[in-house]
Amino acid sequence: MIYSIVPFDQILFDQQSSSGTRMEVTLDGEQVVLLQNDNNTYSVERLISTNPRAYLKPELMPGTLLMTITAKEETPRAIWKIMKTD
Amino acid sequence: MDSKVYFASQAEKQDKETQKDKMDNIKEMGTIAVQEKGRNIHCLTVIGQIEGHMVLPPQNKTTKYEHVIPQLVAIEEDKNIGGLLLVLNTVGGDVEAGLAIAEMIASMSKPTVSLVLGGGHSIGVPMAVSTNYSFIAPSATMTIHPLRLSGMIIGVPQTYEYFDRMQERVVEFVSKNSGIKKEAFRKLMLKTGELANDVGTVLFGQEAVDYGIINEVGGLAYALKKLGENID
């Protein structure tokens, strides 16, 4: 049951255009939401943490571009690399 | 391209390094950096819709139940964390998820302070009052309105009764955790002439304090000062 000031038709209207592929990963011990870009890179969209210090880390700031290095078969975790825009 | 690499176990590695640094300091310099234990605060920011049983379409910005609940448990459990600052800017959302988060915060043993910025509407009201002490920015508003029906319903008196009971859960929680009486809160919910084409009330910063829902008008410095006092 929804209790909100936003009308139901606005909440439940499915606007496909704003969707992209998003995933939640743990980077540097913090949970972040990554948005997949067209050129096989990922940008940090949102940091989900209650630790205020995590928000000061440049690598976790929204907008930071990341790419994955193909993980070795024996490592279950993906390894991320920060891309410099300049 | 930067050669810095981040992976999931980096936090553990860093912990070990900090530990090693501390030991080195003691051995070589004979000093120890005293970390102020317990003054460390964590901040929970609530934005957009509160998402509970249903995943909302992507145009909604949401704060998810499954993210927030474990964070609250971790904050309560971690002895290095002294208190919680709850920053609210929400348009409402799932009743049960909102009440669940509010109940979790209300039952925490650590000091908690909330700050309403922008808006703390609908289910944001019980969340705002769930902390030990609450602040509202002078420009922030809180909309108090009745619960509404959505989708197809069975048109029988029991449906109305069910809604009334759901609404009562919100009224009960707010009156229990703030200075407003049940009757006064219900009156604000059902007031006419305040909202265009709708029933309910919009309270501005000072008004929310005058009604006893929020403790004080203030900002970040006030909230952090209060939290610090409560931790000490």
# chains A, B, ... in the order shown; residues from 1 in each chain; ligands from 1
$ select_by_dssp --residues "range 94-205 of chain B" --states "strand (DSSP E or B)" --output "ChimeraX atom specification"
/B:94,112-120,133-136,141-144,195,198,201-204
$ residues_around --residues "range 45-60 of chain A" --least-positions-apart "2" --cutoff "7 Å" --atoms "only C-alpha atoms" --output "ChimeraX atom specification"
/A:30-35,43,62-64 /B:42-44
$ select_by_dssp --residues "chain A" --states "helix (DSSP H, G or I)" --output "number ranges by chain"
A: 8-12, 16-18, 52-56, 58-60
$ write_last_selection --atoms "all heavy atoms" --output "CSV table (one decimal), in the first residue's frame"
chain,number,residue,atom,x,y,z
A,8,PHE,N,-0.7,8.2,-8.0
A,8,PHE,CA,-0.4,6.8,-8.3
A,8,PHE,C,0.0,6.6,-9.8
A,8,PHE,O,0.9,5.8,-10.1
A,8,PHE,CB,-1.6,5.9,-8.0
A,8,PHE,CG,-1.9,5.7,-6.5
A,8,PHE,CD1,-3.0,6.1,-6.0
A,8,PHE,CD2,-0.9,5.1,-5.7
A,8,PHE,CE1,-3.2,6.0,-4.6
A,8,PHE,CE2,-1.1,5.0,-4.4
A,8,PHE,CZ,-2.3,5.4,-3.8
A,9,ASP,N,-0.7,7.3,-10.7
A,9,ASP,CA,-0.4,7.1,-12.1
A,9,ASP,C,1.0,7.6,-12.5
A,9,ASP,O,1.7,7.0,-13.4
A,9,ASP,CB,-1.4,7.8,-13.0
A,9,ASP,CG,-1.7,9.2,-12.7
A,9,ASP,OD1,-1.2,9.6,-11.6
A,9,ASP,OD2,-2.4,9.9,-13.5
A,10,GLN,N,1.5,8.5,-11.7
A,10,GLN,CA,2.9,9.0,-11.9
A,10,GLN,C,3.9,8.0,-11.4
A,10,GLN,O,5.0,7.8,-11.9
A,10,GLN,CB,3.2,10.3,-11.3
A,10,GLN,CG,2.8,11.5,-12.2
A,10,GLN,CD,3.0,12.8,-11.5
A,10,GLN,OE1,4.1,13.0,-10.9
A,10,GLN,NE2,2.1,13.8,-11.7
A,11,ILE,N,3.6,7.4,-10.2
A,11,ILE,CA,4.5,6.4,-9.6
A,11,ILE,C,4.6,5.2,-10.4
A,11,ILE,O,5.7,4.6,-10.7
A,11,ILE,CB,4.0,6.0,-8.2
A,11,ILE,CG1,4.0,7.3,-7.3
A,11,ILE,CG2,4.9,5.0,-7.6
A,11,ILE,CD1,3.4,7.0,-5.9
A,12,LEU,N,3.4,4.7,-10.9
A,12,LEU,CA,3.4,3.4,-11.5
A,12,LEU,C,3.5,3.4,-13.0
A,12,LEU,O,3.7,2.4,-13.6
A,12,LEU,CB,2.0,2.7,-11.1
A,12,LEU,CG,1.8,2.5,-9.6
A,12,LEU,CD1,0.4,2.0,-9.3
A,12,LEU,CD2,2.9,1.6,-9.0
A,16,GLN,N,10.0,3.6,-20.0
A,16,GLN,CA,11.2,2.7,-20.4
A,16,GLN,C,12.4,3.5,-20.7
A,16,GLN,O,13.5,3.0,-20.5
A,16,GLN,CB,10.8,1.8,-21.6
A,16,GLN,CG,9.9,0.6,-21.2
A,16,GLN,CD,10.5,-0.3,-20.1
A,16,GLN,OE1,11.7,-0.5,-20.1
A,16,GLN,NE2,9.6,-0.9,-19.3
A,17,SER,N,12.3,4.7,-21.3
A,17,SER,CA,13.4,5.4,-21.8
A,17,SER,C,14.5,5.7,-20.8
A,17,SER,O,15.7,5.8,-21.1
A,17,SER,CB,13.0,6.7,-22.5
A,17,SER,OG,12.3,7.5,-21.5
A,18,SER,N,14.1,5.9,-19.5
A,18,SER,CA,15.1,6.3,-18.5
A,18,SER,C,15.8,5.1,-18.0
A,18,SER,O,16.7,5.2,-17.2
A,18,SER,CB,14.4,7.0,-17.3
A,18,SER,OG,13.6,6.1,-16.6
A,52,PRO,N,29.6,8.6,6.3
A,52,PRO,CA,29.8,9.8,5.6
A,52,PRO,C,31.2,9.9,5.0
A,52,PRO,O,31.4,10.6,4.0
A,52,PRO,CB,29.7,10.9,6.7
A,52,PRO,CG,29.2,10.2,7.9
A,52,PRO,CD,29.4,8.7,7.8
A,53,ARG,N,32.2,9.2,5.5
A,53,ARG,CA,33.6,9.3,5.0
A,53,ARG,C,33.6,8.6,3.6
A,53,ARG,O,34.5,9.0,2.8
A,53,ARG,CB,34.5,8.6,5.9
A,53,ARG,CG,34.9,9.5,7.1
A,53,ARG,CD,35.4,8.8,8.3
A,53,ARG,NE,35.2,9.6,9.5
A,53,ARG,CZ,34.1,9.5,10.2
A,53,ARG,NH1,33.1,8.7,9.8
A,53,ARG,NH2,33.9,10.3,11.3
A,54,ALA,N,32.8,7.7,3.3
A,54,ALA,CA,32.8,7.0,2.0
A,54,ALA,C,32.5,8.0,0.9
A,54,ALA,O,33.0,7.8,-0.2
A,54,ALA,CB,31.8,5.8,2.1
A,55,TYR,N,31.7,9.0,1.2
A,55,TYR,CA,31.3,9.9,0.2
A,55,TYR,C,32.4,10.9,-0.2
A,55,TYR,O,32.3,11.6,-1.2
A,55,TYR,CB,30.1,10.7,0.7
A,55,TYR,CG,28.8,9.9,0.7
A,55,TYR,CD1,28.6,9.1,1.8
A,55,TYR,CD2,27.9,9.8,-0.3
A,55,TYR,CE1,27.5,8.2,1.9
A,55,TYR,CE2,26.8,9.0,-0.3
A,55,TYR,CZ,26.6,8.2,0.8
A,55,TYR,OH,25.5,7.4,0.8
A,56,LEU,N,33.5,10.9,0.6
A,56,LEU,CA,34.6,11.7,0.3
A,56,LEU,C,35.7,11.0,-0.6
A,56,LEU,O,36.6,11.6,-1.1
A,56,LEU,CB,35.3,12.2,1.5
A,56,LEU,CG,34.4,13.1,2.5
A,56,LEU,CD1,35.1,13.4,3.8
A,56,LEU,CD2,33.9,14.3,1.8
A,58,PRO,N,37.2,9.8,-3.8
A,58,PRO,CA,36.9,10.2,-5.2
A,58,PRO,C,36.5,9.1,-6.1
A,58,PRO,O,35.7,9.2,-7.0
A,58,PRO,CB,38.3,10.8,-5.7
A,58,PRO,CG,39.1,10.9,-4.5
A,58,PRO,CD,38.5,10.1,-3.4
A,59,GLU,N,37.0,7.9,-5.8
A,59,GLU,CA,36.7,6.7,-6.7
A,59,GLU,C,35.2,6.3,-6.5
A,59,GLU,O,34.7,5.5,-7.4
A,59,GLU,CB,37.6,5.6,-6.5
A,59,GLU,CG,37.6,5.0,-5.1
A,59,GLU,CD,38.7,5.7,-4.1
A,59,GLU,OE1,39.1,6.8,-4.5
A,59,GLU,OE2,39.0,5.1,-3.1
A,60,LEU,N,34.5,6.7,-5.5
A,60,LEU,CA,33.2,6.3,-5.3
A,60,LEU,C,32.2,7.4,-5.6
A,60,LEU,O,31.0,7.2,-5.4
A,60,LEU,CB,33.0,5.8,-3.8
A,60,LEU,CG,33.8,4.6,-3.4
A,60,LEU,CD1,33.5,4.3,-1.9
A,60,LEU,CD2,33.6,3.4,-4.2
$ closest_residue --among "A:Glu24, A:Gly29, A:Leu66, A:Tyr42" --to "chain B" --atoms "only C-alpha atoms"
A:Gly29
$ atom_distance --atom1 "CA of Val91 in chain B" --atom2 "CA of Val6 in chain A"
6.7 Å
$ closest_residue --among "B:Gln59, B:Ile213, B:Gln158, B:Leu86" --to "Gly20 in chain A" --atoms "only C-alpha atoms"
B:Gln59
$ residues_around --residues "Pro126 in chain B" --least-positions-apart "3" --cutoff "6 Å" --atoms "only C-alpha atoms" --output "short mmCIF file (atom, residue, chain, number, x, y, z; two decimals) with N, CA, C and O atoms, in the first residue's frame"
data_model
loop_
_atom_site.label_atom_id
_atom_site.label_comp_id
_atom_site.auth_asym_id
_atom_site.auth_seq_id
_atom_site.Cartn_x
_atom_site.Cartn_y
_atom_site.Cartn_z
N ILE B 123 4.46 9.07 4.44
CA ILE B 123 5.09 8.09 5.31
C ILE B 123 6.43 8.64 5.85
O ILE B 123 7.01 8.08 6.79
N VAL B 129 9.74 11.34 13.00
CA VAL B 129 9.55 11.38 14.45
C VAL B 129 10.14 10.15 15.17
O VAL B 129 10.11 10.08 16.39
N VAL B 174 2.95 8.06 15.07
CA VAL B 174 3.33 9.48 15.16
C VAL B 174 3.00 10.03 16.55
O VAL B 174 3.82 10.71 17.18
#
